[in-house]
Amino acid sequence: MSLLKDLVKQQRQKLMILTIISVMLAATIVVQAYLIVQIIYEIFLNNATFHSILPHLGFLAFVMLLRTLTNHINGRIGIQMTTQAKRVFRVKILDHLSKQPLERSTQGQSGKKVSMILDVVEEVDGYFSQYLPKNIQALTIPLVLLIVIFTQNVTSGLIILITAPFIPLFMALIGIKTKKKSEEQLNELSAFSGQFLDSLKGLTTLKLFGRAENEVGKIEASSIRFREATMGVLAVAFTSSFMMELISMLSVGLIALELSLGLIIFENIAFTTAFFILLLAPEFFVALKDLSSAFHTGRESMTAAKKIEEVLAEPTEQITWGNQSIESLPPSITLEEVSFYYDEDHPTLQNLNATIEANSHVAIVGKSGAGKTTLLNIFTRMLPVHTGQLFISGTPQNQLNEDEWFKHVSYITQHPYIFAGTIYDNIAMGKNRHVTKEEVMQAAKWSGLTDLILSLEEGIDTLVGEGGRGLSGGEKQRLALARAFIKKPSLILFDEPTTGLDLKTEQTLKQSINELAKNATMITVAHRLHTIKQADQILLLDQGQLLAKGTHEELLKKEPTYRELVGVNQKTGGMRHE
Amino acid sequence: MNDFSGIMKQLMKEKRDVILTIILGFIAGIAAVGLFAASGYLLSQAALGVPIYALTIVIALVKLLGFTRAITRYGERYFSHRATFTMLSHIRVTFFKNLLKRSPATMHRFRSGDLLSRIVADVESLQNFFLRIFYPPIVLALIFLSTILFTMFFSVWIAILLVVGMILSMTVLPAFFAARQRQIDQNIHKQRSDLSEQVTEYLFGFRDLKVHQQLIKQEEQFKRANDQYVEAQGFNQQQDLTSQTLDGLIGLLIAWLVLAVGGYLISTDQLNGVFLAMFMLITLTVFENTGAMSVFPQYWEDNKQAAARIFSKEDQSNQSSHNLINLSETPIEISFENVRFIYPNEPRLALQDLNLLIKPGSKTAIVGASGSGKSTILQLILALEQAKSGAVQINGHPIEAINPESIWKQTNTVLQESHFFHGTIRENLLPLRELSENQLAEALLQAGLEGFSLDDPVYEAGANLSGGEKQRLAIARALLRKANLWLLDEPTSSLDGITSKQVMDSIFTAAEFNTLIYVSHNLKGLEDMDQIIVLDRGQIVESGTYSELINQRGHFYQLKQIEKDTLT
């Protein structure tokens, strides 16, 4: 719970104000009751004139306003705290995620993380807007009221002091007895509610298989089971409020009995005292009741906070940068004993040594899982080097300036992300300065997007990405290429597509990538034989190790694994063809 | 209440629980009022000095009322929640039934996007309808009216004050805030989707943003969206708070007026002083219940919109099935003539002037890149989508004239992503006819699922199965049905080459005399197909047998070259 506590600590000043306000609130409750009693006493037993109670009435109106106002301010502070908390938590989580090793922050589960930032943070709300203010109120108001009651009549105070602890006691008893059970039931509940969604999602399948009518009965049955389980959990909550109500009623009843006996039989209590206490006693229990409902919200919030803490506890790893610029462009790259691992016993990449000449074209090949993409991400400096050293044109990687580096790098992935915005925006983002429409159109031409743009009514200003027009996989790929044309990079990292592209994209990629790479160093994770054959150097990866390097001919001669990798493929393809 | 007629209909099926809730809620509320009235009266009488037996009776009454209140409150809660959850069950069933009645195309489209989770959440949110919108005002009004009636016996003026208070807190205040709530809700919704977009772009586009040095800009956009969202929410919470504050203030104001007016009446001898404490306590107690009205506006607005979405009347095109032709059980022939199709909100045609003929019992492959329109053809054949123009015909009948149920009955479909249900493997095989254990097990075997038993569990949406296992289970499901038409949409894309070949062989054996359409983006194993159709951006660029297409050295040949050039 340290996350919530830290934030509470930062807002200590607000806590102070909340406490002061709660004391004020208690004071207004006491004074309000006192004035009401006085007014009734004067009118009822003292036969006072209406005129003579006017000052009291005026003062009462003032106290009532004050009570309303303090209550309101109390709520306002809760809202301020919760607003601040949600704001800070979101920024913290996003910041943390951006510092995680690349693979972890992008691969899979991104949807889960979006919902963490949006919804889980939302659940923290109750802690600050309800639990905290009510908690402080429940600690101060009953205490103040109890002290006041004690000063008026010790017996009444004692009755409260003896009966009130039964409330937390019963709640704890019920809580302990049912906590585990209700947790189990709550798990079941979420499963039930998922089933309706399941049926809706499967509607087409059900229809195609002629089973839709059947499902109606299933929905009904699971809905009723859902109801029974929910009622089971709720019955516990209702029982505890029942006990609470009963105890407070009994307690107030006892006080009333004691007061009237004192008033009539023993005649040791005045009407004003009795009435005053009778007004205050229920207020005492109201504050306790508020606490118990706030407690429930508080617990939900704490579970949410725990989830956030877990995310924040995941390891982060930052890539270190320096302030040097690249010595010469296009860059040469040297790997010296480079290793990378997610867990130390199973390194993803192990002791790689290689030199990539400036302006040369290198292909990385290997079976899936060999570490090709990880190596590409190391070259891009998206992942850190754990041991060993990477030199860019002779400069150790951690001494380079980040902006300077990315200014010269283009990374074309298999699944480029298209941002919500126009086609122009998406292409122009390649450059960190203003780009003219002509430049963008030129880049689009080189990447074979002209036809597409001309076919759209709004042309280059058509909205794409989330909420915009859908683009096919091939079009996305070409759009990423256009980004690179705008950037004119000195280092190109290219994850060659495996399958599923249209002929046009295939042809465009083949021609344009070479055009783009004329004045650049290019490293490709290669899946096409022609790309591999054209490469100046091939790096053959196998289980995280560099098995061999050389040209296509060299590797064919000396490396059986390489022959297998490219040969098997050729043979089957060739056989089919004939 | 017009917006809520649909949900009222479902609620009224639980009349007994509804009535019990209202009665018990009323008793609980009035018992509290009675309790405090009695104690106020008791105290005042005690001050005047009364015989002890009278006091004992009143004290016993107070105890009894206290106990009654606690018990009836429990009952009120119990019955109100039971009514609510039964009502939700009715709503789910009704919604599902209505969905079944809709045209297949709308049904199919409904599946997409997060529309479904939205609906599920909407249904959940309707639990507030009875609990916070429907019965609290009724109970509150009953309590108010009885209290007012009671006070009328003693003083008309005090009764009038209570009436004024009731009108203020039950109508004026909620109406005022309900009017403002809609705009607030819309704003919050807008800010939330804006924030969601910024977070999604940041996380999903992280790599591209980083390389293109846009990360900081995106982070600033996120922070701005975050600020706007929490502030919009804060504003909403402040509105609620203000509504609650004003509600409390009305109660205190009326209590103050009761005291002042009562004091005046007593000092001028128009009222007996012994009742003043009672009136004061009654007023304070009765207004304690109005808190339910101050949260009313937010639930009202929220539920109105949820109910509108769930019970929307639009597009319930109850197509009458009796005029439709039922397909007879013969081999199926399909033809497309100048078919055009476009998805909603897309600028480009998904299919352009498509012509094709699929002969009875023939085997056709449709190949092309992703997004070229392959799956769309299958959806048109299944009547899940409707052509924009042109004619789709099955066995010579226009598809609009055919009962879609009869198409589905004769078709074995394996879509790219099949849906699986929470249950067992057996249940997910969805056998229509009674099938023996052996037949079911044999189907699993043929689909390459030999490691599975029929009683193995399947989680929601098949979450415990891998992509390949799901595909094989979908195939097993199809193998168990007799059908004249097979529609396969990349059924083995997640399987390795050897398993894929084995499973496809099972399918081809089962479908020997049936019409079969096989959509694929990989070009292996098409040598024996009667016809290969090559699609590119919604158009047929080539068609013919494997050897014809290879000899033509056209589009298909080039795609094949690329495939051969690709390492697997």
# chains A, B, ... in the order shown; residues from 1 in each chain; ligands from 1

$ interface_residues --of "chain B" --to "chain A" --cutoff "6 Å" --atoms "only C-alpha atoms" --output "list in words"
Ala47, Gly66, Ala70, Phe85, Ser89, Arg111, Gly205, Val211, His212, Val230, Tyr264, Ser267, Gly273, Ala369, Ser370, Gly371, Trp408, His419, Lys564, Asp565, Thr566 and Leu567 of chain B

$ select_by_dssp --residues "region 332-537 of chain B" --states "strand (DSSP E)" --output "PyMOL selection string"
chain B and resi 334-341+351-358+363-367+389-394+397-398+411-414+423-424+457-458+485-489+515-520+531-536

$ atom_distance --atom1 "CA of Asp530 (chain B)" --atom2 "CA of Glu469 (chain B)"
29.1 Å

$ atom_distance --atom1 "CA of Ile158 (chain B)" --atom2 "CA of Ala60 (chain B)"
27.6 Å
